[in-house]
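Here's entry07.txt, which has compact mmCIF, C-alpha atoms:
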# COMPACT_ATOMS: atom_id res chain seq x y z
CA MET A 1 250.96 -16.71 -37.91
CA THR A 2 251.40 -16.42 -34.14
CA ARG A 3 249.45 -13.55 -32.63
CA ALA A 4 250.68 -11.78 -29.51
CA GLN A 5 247.19 -10.46 -28.87
CA HIS A 6 244.23 -11.13 -26.67
CA VAL A 7 240.89 -9.54 -25.91
CA ASN A 8 240.09 -7.56 -22.79
CA ARG A 9 236.35 -7.64 -22.13
CA SER A 10 234.23 -6.85 -19.08
CA ASP A 11 231.79 -9.61 -18.17
CA ASP A 12 229.90 -7.90 -15.34
CA TYR A 13 226.91 -7.36 -17.62
CA LEU A 14 226.64 -11.15 -18.05
CA LEU A 15 226.75 -12.26 -14.44
CA ASP A 16 223.76 -14.26 -13.26
CA LEU A 17 222.49 -14.23 -9.68
CA ASN A 18 225.34 -16.54 -8.67
CA GLY A 19 227.99 -14.36 -10.25
CA ALA A 20 228.66 -16.82 -13.07
CA VAL A 21 228.67 -16.87 -16.86
CA SER A 22 227.35 -20.00 -18.55
CA PRO A 23 229.90 -22.14 -20.45
CA LEU A 24 227.80 -21.82 -23.60
CA VAL A 25 227.96 -18.02 -23.48
CA SER A 26 231.70 -18.03 -22.79
CA ASP A 27 232.25 -20.37 -25.73
CA LEU A 28 230.21 -18.18 -28.07
CA LEU A 29 232.19 -15.08 -27.12
CA SER A 30 235.43 -17.01 -27.52
CA PHE A 31 234.43 -17.95 -31.08
CA CYS A 32 233.60 -14.34 -32.00
CA GLU A 33 236.79 -12.97 -30.49
CA GLN A 34 239.16 -15.50 -32.07
CA ALA A 35 237.61 -14.82 -35.47
CA PHE A 36 238.07 -11.07 -34.93
CA LEU A 37 241.73 -11.44 -33.91
CA ALA A 38 242.52 -13.55 -36.97
CA ASP A 39 240.65 -11.15 -39.26
CA ARG A 40 242.49 -8.05 -38.02
CA ASP A 41 245.88 -9.80 -38.01
CA GLU A 42 246.08 -11.11 -41.59
CA PRO A 43 246.23 -8.45 -44.34
CA ARG A 44 244.31 -8.90 -47.56
CA GLY A 45 244.87 -7.42 -51.01
CA THR A 46 243.10 -4.28 -52.15
CA ASN A 47 241.44 -5.75 -55.24
CA PRO A 48 238.70 -8.38 -54.84
CA ASP A 49 239.62 -9.77 -58.24
CA SER A 50 243.21 -10.49 -57.20
CA ALA A 51 244.42 -13.76 -55.72
CA ASN A 52 245.53 -12.16 -52.44
CA TRP A 53 242.09 -10.71 -51.62
CA HIS A 54 240.80 -14.06 -50.37
CA ARG A 55 242.67 -15.30 -47.33
CA THR A 56 242.85 -18.68 -45.64
CA LEU A 57 242.34 -18.05 -41.94
CA LYS A 58 242.94 -20.74 -39.32
CA ILE A 59 241.69 -20.35 -35.77
CA ALA A 60 241.81 -22.55 -32.70
CA VAL A 61 238.89 -21.60 -30.45
CA PRO A 62 239.11 -22.59 -26.77
CA VAL A 63 235.69 -23.85 -25.62
CA ALA A 64 234.38 -25.63 -22.56
CA ILE A 65 232.13 -27.92 -24.62
CA PRO A 66 234.31 -29.04 -27.59
CA SER A 67 232.08 -32.01 -28.42
CA LEU A 68 229.17 -29.65 -29.12
CA TRP A 69 231.11 -27.09 -31.15
CA SER A 70 233.07 -29.67 -33.15
CA GLY A 71 229.94 -31.43 -34.33
CA THR A 72 229.20 -31.13 -38.04
CA PRO A 73 226.02 -28.99 -37.74
CA VAL A 74 227.70 -26.34 -35.57
CA LEU A 75 230.99 -26.36 -37.45
CA GLU A 76 229.24 -25.93 -40.80
CA LYS A 77 227.14 -23.02 -39.53
CA ALA A 78 230.13 -21.31 -37.94
CA THR A 79 232.16 -21.64 -41.13
CA GLU A 80 229.30 -20.39 -43.31
CA LEU A 81 228.86 -17.31 -41.11
CA LEU A 82 232.54 -16.34 -41.17
CA THR A 83 232.85 -17.00 -44.91
CA TRP A 84 229.85 -14.75 -45.59
CA LEU A 85 231.20 -11.96 -43.37
CA THR A 86 234.75 -11.86 -44.74
CA ASP A 87 234.79 -13.63 -48.12
CA ASP A 88 237.65 -15.84 -46.91
CA ASP A 89 238.30 -19.54 -46.42
CA TRP A 90 238.09 -20.41 -42.73
CA GLN A 91 239.53 -23.45 -40.99
CA ILE A 92 238.10 -23.68 -37.48
CA GLU A 93 239.21 -26.00 -34.71
CA PHE A 94 237.43 -26.05 -31.36
CA VAL A 95 239.74 -27.12 -28.54
CA GLY A 96 238.83 -27.98 -24.97
CA VAL A 97 239.72 -25.62 -22.15
CA ASN A 98 239.15 -25.74 -18.40
CA ARG A 99 238.13 -22.24 -17.39
CA VAL A 100 238.91 -21.15 -13.85
CA ARG A 101 235.75 -20.25 -11.97
CA HIS A 102 236.29 -17.14 -9.90
CA GLU A 103 234.66 -16.80 -6.51
CA ALA A 104 230.99 -16.01 -7.06
CA GLN A 105 230.21 -12.40 -6.23
CA GLY A 106 226.60 -12.16 -7.42
CA GLN A 107 224.93 -9.21 -9.04
CA LEU A 108 224.80 -6.16 -6.83
CA ASP A 109 221.75 -4.76 -8.60
CA VAL A 110 219.25 -7.50 -9.37
CA ASP A 111 216.85 -6.54 -12.15
CA PRO A 112 213.50 -8.34 -11.80
CA VAL A 113 212.00 -6.80 -14.94
CA GLU A 114 211.58 -8.93 -18.05
CA ARG A 115 213.30 -6.96 -20.80
CA THR A 116 213.94 -7.16 -24.51
CA VAL A 117 217.69 -7.17 -25.11
CA MET A 118 218.78 -4.67 -27.75
CA LEU A 119 222.14 -3.73 -29.19
CA PHE A 120 222.70 -0.09 -28.29
CA SER A 121 225.57 1.65 -30.08
CA GLY A 122 224.43 5.16 -29.21
CA GLY A 123 224.07 5.97 -32.90
CA LEU A 124 221.00 7.62 -34.36
CA ASP A 125 219.46 4.35 -35.59
CA ALA A 126 219.87 2.62 -32.23
CA THR A 127 218.59 5.66 -30.34
CA ALA A 128 215.58 6.11 -32.62
CA GLY A 129 214.90 2.37 -32.56
CA ALA A 130 214.97 2.32 -28.77
CA ALA A 131 212.65 5.34 -28.60
CA LEU A 132 210.16 3.64 -30.94
CA THR A 133 210.34 0.34 -29.04
CA LEU A 134 210.17 1.57 -25.43
CA PRO A 135 206.40 2.20 -25.42
CA MET A 136 205.91 -1.52 -26.13
CA THR A 137 208.50 -3.17 -23.87
CA PRO A 138 211.21 -2.42 -21.29
CA LEU A 139 214.69 -2.62 -22.82
CA LEU A 140 218.16 -3.70 -21.83
CA GLY A 141 220.49 -1.76 -24.11
CA VAL A 142 223.81 -3.55 -24.49
CA GLY A 143 226.53 -1.25 -25.80
CA VAL A 144 230.04 -2.32 -26.79
CA VAL A 145 232.49 0.41 -25.72
CA THR A 146 235.91 0.56 -27.37
CA ASN A 147 236.91 4.08 -26.25
CA SER A 148 235.90 6.71 -23.69
CA VAL A 149 234.22 8.95 -26.27
CA MET A 150 231.92 6.11 -27.33
CA GLY A 151 231.01 5.34 -23.73
CA ALA A 152 230.16 8.99 -23.06
CA TYR A 153 227.65 9.42 -25.87
CA GLN A 154 226.05 6.04 -25.21
CA ARG A 155 225.43 7.06 -21.59
CA ARG A 156 224.02 10.45 -22.59
CA ALA A 157 221.64 8.99 -25.16
CA ARG A 158 220.46 6.29 -22.77
CA SER A 159 219.83 8.82 -19.98
CA ALA A 160 217.70 10.94 -22.30
CA LEU A 161 215.74 7.87 -23.43
CA ALA A 162 214.61 7.23 -19.84
CA GLN A 163 211.82 9.79 -20.26
CA LEU A 164 210.27 7.56 -22.95
CA GLY A 165 210.23 4.31 -21.02
CA ASP A 166 212.07 1.78 -18.88
CA ILE A 167 215.54 1.25 -20.31
CA ARG A 168 218.62 -0.09 -18.58
CA TYR A 169 222.07 0.23 -20.09
CA SER A 170 224.92 -2.28 -19.89
CA PRO A 171 228.24 -1.04 -21.30
CA VAL A 172 230.67 -3.76 -22.33
CA LEU A 173 234.26 -2.55 -22.34
CA PHE A 174 236.12 -4.23 -25.20
CA SER A 175 239.71 -3.80 -26.30
CA VAL A 176 242.52 -5.80 -27.89
CA ALA A 177 245.84 -6.09 -26.06
CA SER A 178 248.19 -6.28 -29.02
CA GLY A 179 251.44 -6.98 -27.22
CA GLY A 180 253.13 -4.73 -29.76
CA ALA A 181 251.58 -6.51 -32.73
CA ARG A 182 250.25 -4.35 -35.56
CA ASP A 183 246.64 -4.19 -36.65
CA ASN A 184 247.39 -5.36 -40.18
CA GLU A 185 243.91 -5.42 -41.74
CA PRO A 186 241.72 -2.29 -41.43
CA THR A 187 238.54 -3.79 -42.93
CA ARG A 188 237.94 -6.13 -39.95
CA ARG A 189 234.63 -7.45 -41.23
CA THR A 190 234.21 -9.57 -38.07
CA ARG A 191 233.96 -6.47 -35.87
CA GLY A 192 230.19 -6.62 -36.23
CA LEU A 193 230.30 -10.29 -35.21
CA VAL A 194 231.78 -9.31 -31.85
CA PHE A 195 228.97 -6.79 -31.29
CA LEU A 196 226.33 -9.37 -32.23
CA GLY A 197 227.98 -11.96 -30.01
CA VAL A 198 227.91 -9.63 -27.01
CA GLY A 199 224.21 -8.93 -27.57
CA VAL A 200 223.36 -12.61 -27.99
CA ALA A 201 225.33 -13.44 -24.86
CA ALA A 202 223.31 -10.94 -22.83
CA ALA A 203 220.06 -12.38 -24.14
CA LEU A 204 221.07 -15.97 -23.36
CA GLN A 205 222.21 -15.07 -19.85
CA ARG A 206 218.84 -13.47 -19.18
CA GLY A 207 217.06 -16.59 -20.43
CA THR A 208 215.53 -14.96 -23.52
CA ARG A 209 215.66 -16.19 -27.11
CA GLN A 210 215.61 -12.88 -28.93
CA LEU A 211 218.01 -10.04 -29.69
CA LEU A 212 216.75 -6.77 -31.15
CA VAL A 213 218.81 -4.78 -33.66
CA ALA A 214 217.78 -1.31 -34.83
CA GLU A 215 219.23 -0.40 -38.25
CA ASN A 216 217.51 1.33 -41.14
CA GLY A 217 217.17 -0.74 -44.30
CA ILE A 218 219.67 1.25 -46.36
CA GLY A 219 222.30 0.84 -43.65
CA ALA A 220 221.53 -2.83 -43.11
CA LEU A 221 221.83 -3.71 -46.81
CA ASN A 222 224.89 -1.44 -47.12
CA LEU A 223 225.05 -1.66 -50.91
CA PRO A 224 228.15 -0.44 -52.80
CA PHE A 225 228.81 3.30 -53.00
CA THR A 226 230.80 3.01 -56.23
CA GLY A 227 230.79 0.75 -59.24
CA ALA A 228 234.19 -0.56 -58.17
CA GLN A 229 232.88 -1.99 -54.91
CA SER A 230 231.42 -5.45 -54.49
CA GLY A 231 230.94 -8.14 -51.88
CA VAL A 232 232.63 -7.53 -48.54
CA MET A 233 234.23 -4.30 -49.72
CA THR A 234 231.24 -2.98 -47.78
CA SER A 235 230.48 -4.31 -44.31
CA ARG A 236 227.79 -6.93 -43.72
CA ALA A 237 227.60 -6.35 -39.96
CA VAL A 238 223.79 -6.26 -39.68
CA HIS A 239 222.83 -7.50 -43.13
CA PRO A 240 219.68 -9.67 -43.05
CA LYS A 241 221.71 -12.72 -44.01
CA THR A 242 224.21 -12.06 -41.23
CA LEU A 243 221.42 -11.94 -38.66
CA ARG A 244 219.91 -15.09 -40.14
CA LEU A 245 223.19 -17.05 -40.08
CA MET A 246 224.12 -15.87 -36.58
CA ALA A 247 220.68 -16.82 -35.25
CA ALA A 248 220.98 -20.25 -36.86
CA LEU A 249 224.38 -20.84 -35.23
CA VAL A 250 223.15 -19.73 -31.82
CA GLY A 251 220.04 -21.89 -32.15
CA GLU A 252 222.18 -24.92 -32.99
CA VAL A 253 224.50 -24.59 -29.99
CA ALA A 254 221.71 -23.57 -27.61
CA GLY A 255 219.40 -26.37 -28.72
CA ALA A 256 216.45 -24.02 -29.17
CA GLU A 257 215.38 -21.49 -31.77
CA PHE A 258 216.92 -18.03 -31.41
CA ALA A 259 215.80 -14.86 -33.21
CA ILE A 260 217.76 -11.73 -34.14
CA ASP A 261 215.20 -9.22 -35.33
CA ASN A 262 215.55 -5.88 -37.10
CA PRO A 263 212.05 -4.36 -37.25
CA PHE A 264 213.30 -1.32 -39.18
CA LEU A 265 214.62 -3.16 -42.24
CA THR A 266 212.00 -1.63 -44.55
CA SER A 267 212.44 1.94 -43.21
CA THR A 268 214.89 4.68 -44.12
CA LYS A 269 216.68 6.55 -41.35
CA GLY A 270 214.57 9.59 -42.22
CA GLN A 271 211.37 7.60 -41.79
CA MET A 272 212.55 6.36 -38.40
CA VAL A 273 213.25 9.93 -37.24
CA ARG A 274 209.91 11.18 -38.60
CA ALA A 275 208.05 8.52 -36.59
CA LEU A 276 209.58 9.63 -33.29
CA PRO A 277 207.59 11.42 -30.60
CA PRO A 278 208.72 14.95 -29.64
CA GLU A 279 210.09 13.56 -26.37
CA ALA A 280 212.85 11.80 -28.33
CA ARG A 281 214.50 15.05 -29.37
CA GLU A 282 217.04 15.19 -26.54
CA ALA A 283 218.07 11.54 -27.00
CA CYS A 284 218.57 12.03 -30.74
CA GLY A 285 220.68 15.09 -30.06
CA HIS A 286 222.95 13.06 -27.80
CA SER A 287 223.25 10.21 -30.31
CA GLN A 288 226.43 10.04 -32.37
CA SER A 289 226.78 9.21 -36.04
CA CYS A 290 230.20 10.60 -36.95
CA ASP A 291 232.68 7.86 -37.82
CA ASN A 292 235.59 9.92 -36.52
CA ALA A 293 233.96 10.74 -33.18
CA ALA A 294 232.79 7.13 -32.73
CA ALA A 295 236.38 5.96 -33.17
CA GLY A 296 237.57 8.43 -30.54
CA ARG A 297 239.31 10.63 -33.14
CA GLY A 298 237.30 13.76 -32.37
CA PRO A 299 235.42 15.51 -29.56
CA LEU A 300 231.74 15.07 -28.88
CA GLU A 301 231.11 18.80 -29.36
CA ARG A 302 231.29 18.61 -33.15
CA ARG A 303 230.90 16.21 -36.06
CA CYS A 304 233.12 16.10 -39.13
CA GLY A 305 230.30 16.40 -41.69
CA HIS A 306 232.10 14.68 -44.55
CA CYS A 307 231.98 11.00 -43.52
CA THR A 308 229.18 8.81 -44.81
CA SER A 309 227.52 8.57 -41.40
CA CYS A 310 227.41 12.36 -40.96
CA LEU A 311 225.95 12.82 -44.43
CA LEU A 312 223.19 10.27 -43.86
CA ARG A 313 222.41 11.76 -40.46
CA ARG A 314 221.94 15.26 -41.92
CA VAL A 315 219.79 14.17 -44.84
CA SER A 316 217.62 12.05 -42.53
CA PHE A 317 216.87 14.86 -40.09
CA HIS A 318 216.05 17.14 -43.03
CA ALA A 319 213.77 14.53 -44.62
CA ALA A 320 211.95 14.14 -41.31
CA GLY A 321 211.45 17.89 -41.01
CA ARG A 322 213.53 17.89 -37.84
CA SER A 323 216.83 19.47 -38.78
CA ASP A 324 216.57 21.59 -35.61
CA TRP A 325 216.97 18.38 -33.57
CA ASP A 326 220.52 18.03 -34.91
CA GLU A 327 222.05 20.85 -32.91
CA LEU A 328 225.77 20.07 -32.78
CA PRO A 329 227.83 21.84 -35.46
CA TYR A 330 229.56 20.10 -38.34
CA LEU A 331 233.23 20.91 -38.88
CA ILE A 332 232.83 21.01 -42.64
CA ASP A 333 230.45 23.98 -42.38
CA SER A 334 233.12 26.18 -40.77
CA ASP A 335 236.35 24.74 -42.16
CA ARG A 336 236.25 24.25 -45.91
CA ARG A 337 239.65 22.59 -45.85
CA GLU A 338 237.78 19.48 -44.82
CA SER A 339 237.11 17.43 -47.95
CA ARG A 340 233.57 16.33 -48.86
CA TRP A 341 234.97 13.34 -50.68
CA ARG A 342 232.29 10.88 -49.47
CA LEU A 343 229.34 12.92 -50.76
CA PRO A 344 229.85 12.05 -54.46
CA GLU A 345 229.96 8.34 -53.56
CA VAL A 346 226.73 8.53 -51.57
CA LEU A 347 225.03 10.47 -54.37
CA TRP A 348 226.30 8.06 -57.04
CA GLN A 349 224.53 5.32 -55.14
CA ALA A 350 221.29 7.31 -54.83
CA ALA A 351 221.38 8.25 -58.52
CA THR A 352 221.96 4.61 -59.45
CA PHE A 353 218.99 3.56 -57.31
CA ASP A 354 216.92 6.17 -59.15
CA ALA A 355 218.01 4.92 -62.57
CA VAL A 356 217.31 1.25 -61.94
CA LEU A 357 213.96 1.98 -60.33
CA ARG A 358 212.90 3.88 -63.46
CA SER A 359 214.14 1.13 -65.76
CA THR A 360 211.62 -1.01 -67.62
CA ASP A 361 213.91 -4.01 -67.12
CA ASP A 362 212.64 -5.99 -64.14
CA ASN A 363 216.13 -7.39 -63.58
CA ALA A 364 217.91 -4.02 -63.61
CA LEU A 365 218.09 -3.78 -59.83
CA LEU A 366 219.71 -7.18 -59.36
CA GLN A 367 222.04 -6.63 -62.30
CA GLN A 368 223.33 -3.39 -60.82
CA PHE A 369 223.39 -4.64 -57.23
CA PRO A 370 223.87 -8.43 -57.39
CA ASP A 371 224.40 -8.65 -53.62
CA LEU A 372 220.63 -8.21 -53.26
CA ARG A 373 220.24 -11.88 -54.19
CA HIS A 374 221.33 -12.64 -50.62
CA VAL A 375 218.15 -11.00 -49.25
CA SER A 376 215.25 -13.43 -49.19
CA GLU A 377 211.69 -12.51 -50.12
CA LEU A 378 210.63 -13.45 -46.59
CA GLU A 379 213.07 -10.95 -45.11
CA MET A 380 212.23 -8.18 -47.56
CA PRO A 381 209.68 -8.59 -50.38
CA ARG A 382 210.84 -7.02 -53.64
CA ASP A 383 208.04 -4.43 -53.57
CA ALA A 384 209.13 -3.35 -50.10
CA LEU A 385 212.74 -3.14 -51.28
CA ARG A 386 211.82 -0.91 -54.20
CA GLN A 387 209.73 1.32 -51.92
CA LEU A 388 212.65 1.61 -49.50
CA LEU A 389 215.08 2.63 -52.24
CA ALA A 390 212.61 5.06 -53.79
CA ALA A 391 211.96 6.76 -50.44
CA TYR A 392 215.70 7.07 -49.86
CA VAL A 393 216.23 8.65 -53.29
CA GLU A 394 213.54 11.24 -52.61
CA GLU A 395 215.08 12.08 -49.24
CA TRP A 396 218.30 12.95 -51.01
CA ARG A 397 216.55 14.73 -53.86
CA SER A 398 214.92 17.12 -51.41
CA PHE A 399 218.17 17.92 -49.58
CA PRO A 400 219.20 21.56 -50.24
CA ASP A 401 222.73 21.18 -51.52
CA PRO A 402 223.99 22.18 -54.99
CA VAL A 403 226.05 19.00 -55.26
CA VAL A 404 222.90 16.93 -54.79
CA SER A 405 221.14 18.65 -57.66
CA ARG A 406 223.91 17.61 -60.07
CA PHE A 407 223.25 13.93 -59.33
CA LEU A 408 219.47 14.11 -58.83
CA PRO A 409 218.47 17.20 -60.83
CA ARG A 410 214.75 16.61 -61.19
CA SER A 411 211.90 15.44 -59.02
CA GLY A 412 210.90 11.79 -59.14
CA ARG A 413 207.63 12.66 -60.88
CA GLU A 414 209.40 14.67 -63.61
CA SER A 415 211.96 11.89 -64.13
CA MET A 416 209.22 9.30 -64.54
CA THR A 417 207.41 11.31 -67.20
CA SER A 418 210.33 12.70 -69.18
Written as structure tokens, that's how I'd like the structure from this file.
Amino acid sequence: MTRAQHVNRSDDYLLDLNGAVSPLVSDLLSFCEQAFLADRDEPRGTNPDSANWHRTLKIAVPVAIPSLWSGTPVLEKATELLTWLTDDDWQIEFVGVNRVRHEAQGQLDVDPVERTVMLFSGGLDATAGAALTLPMTPLLGVGVVTNSVMGAYQRRARSALAQLGDIRYSPVLFSVASGGARDNEPTRRTRGLVFLGVGVAAALQRGTRQLLVAENGIGALNLPFTGAQSGVMTSRAVHPKTLRLMAALVGEVAGAEFAIDNPFLTSTKGQMVRALPPEAREACGHSQSCDNAAAGRGPLERRCGHCTSCLLRRVSFHAAGRSDWDELPYLIDSDRRESRWRLPEVLWQAATFDAVLRSTDDNALLQQFPDLRHVSELEMPRDALRQLLAAYVEEWRSFPDPVVSRFLPRSGRESMTS
């Protein structure tokens, strides 16, 4: 299918002292973007068990170094990464391109500080992660900006974080010029690949071999919210295996080991918030978790309250004993016409965690959530996984909402002894 689309992306954040972007970095971003365009263009079925759920996607990726990218090691790693992210069959061709070098303009603001590069979405996890990391190292927060609302809350959160340490912020404007073409596939599981690619590109341009990602373990694993979900029906954007496969691909093309680290994989969001110093309050208040606001569908002055991200934000602040940090109102509290349709799904998941953790069957967890087999013991030991899930269940159990009590009616101690 011919696509009348292309990506608009700002590259100022990548410029080196000579005002240039390395061919390797340009090629990596080209790969991520072509995969994203193909993913959003080709619709899939709604049922993973049907024949039309799995697609065959063909992409031709323009690269400056086709001999490197077309080699078997790189091609295999690129294909494995895309297959894992989307559950599709990918046919990738890397084709040579001569990129026009624009007149070098150089960086106007040279930064001599050695920094850890971190993806910075402006969400609560990223903001809390930055606040917890800043005492140890200066940061370069790289934020992908797809709309003006997103850019605004990223800037506010970053400005507030400055009182905790040395953090610079590089917004990357990213949009798709559709040329009138429709966005046919809403799942777009390669969206996270674009964000990772932008972060990796920033790290490579700065000469570092590490990218930091801050995502709580429950969000990173992103297990199904209903019994009908499986596989890529939930996003794998920052799943441990995604980070592992992306790092392996980057290491192969760069010729040196590359690491994408998530130091918060064994923590809940509530535990991350609880660990914050008091000085992080303002930054957390400016962070944004609402799916509707993040997509530019609502103002920054309120959150919807019924999306999954809003629900997890509220329960996390409560679990940390810091509900007063979450000052912006939630629409659902004042307008009961707003449906709370995501709350039962979130609580089904928590109740299922609770049930399998109490089971005497050692295999109950993997039987209920088979996607956990993709998490290695090195990334998350099974004891740490069980502790993470148990802590998350108790955070929900303590949340003062009558709907919660119907799913998790008794304390963990009472459930274990009944």
Q. Of the candidates A:Val113, A:Leu24, A:Met233, A:Val194, which one gets nearest to Phe36 of chain A if we count only C-alpha atoms?
A. A:Val194
Q: Please identify all polymer residues within 7 Å of Leu347 of chain A, counting all atoms listed in the file, omitting same-chain residues fewer than 3 positions from it, and present them as a count of residues only.
A: 6
Q) What is the atom CA of Glu377 of chain A to atom CA of Leu82 of chain A distance in Å? A) 23.0 Å
**Q.** Spatial neighbours of Asp125 of chain A, 12 Å, all atoms listed in the file, chain gap at least 4 places, as a PyMOL selection string
**A.** chain A and resi 118-121+129-133+157+213-220+262-265+267-273+276+283-284+287-289+309+312-313+316-317
Q.
At a cut-off of 10 Å, using all atoms listed in the file, what residues contact Trp84 of chain A? Leave out same-chain residues fewer than 4 positions from it and give the result as a ChimeraX atom specification.
A. /A:79-80,88-89,189,231-232,236,241-242,245
(Q) Rounded to one decimal, what separation in Å do you get between atom CA of Glu76 of chain A and atom CA of Glu185 of chain A? (A)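 Straight-line distance from atom CA of Glu76 of chain A to atom CA of Glu185 of chain A works out to 25.2 Å.
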Q: Would you mind telling me which residue in A:Pro402, A:Pro329, A:Pro73, A:Gly165 lies nearest to Gly305 of chain A when using all atoms listed in the file?
A: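 Under the stated criterion, the closest residue is A:Pro329.
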Q) atom CA of Phe174 of chain A to atom CA of Ala237 of chain A: how many Å, to one decimal? A)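 Atom CA of Phe174 of chain A sits 17.2 Å away from atom CA of Ala237 of chain A.
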Q | Nearby residues (only C-alpha atoms) at most 12 Å from Arg397 of chain A, same-chain spacing under 3 positions excluded, as a PyMOL selection string | A | chain A and resi 315-316+318-319+347+350-351+353-354+390-394+400-413+415
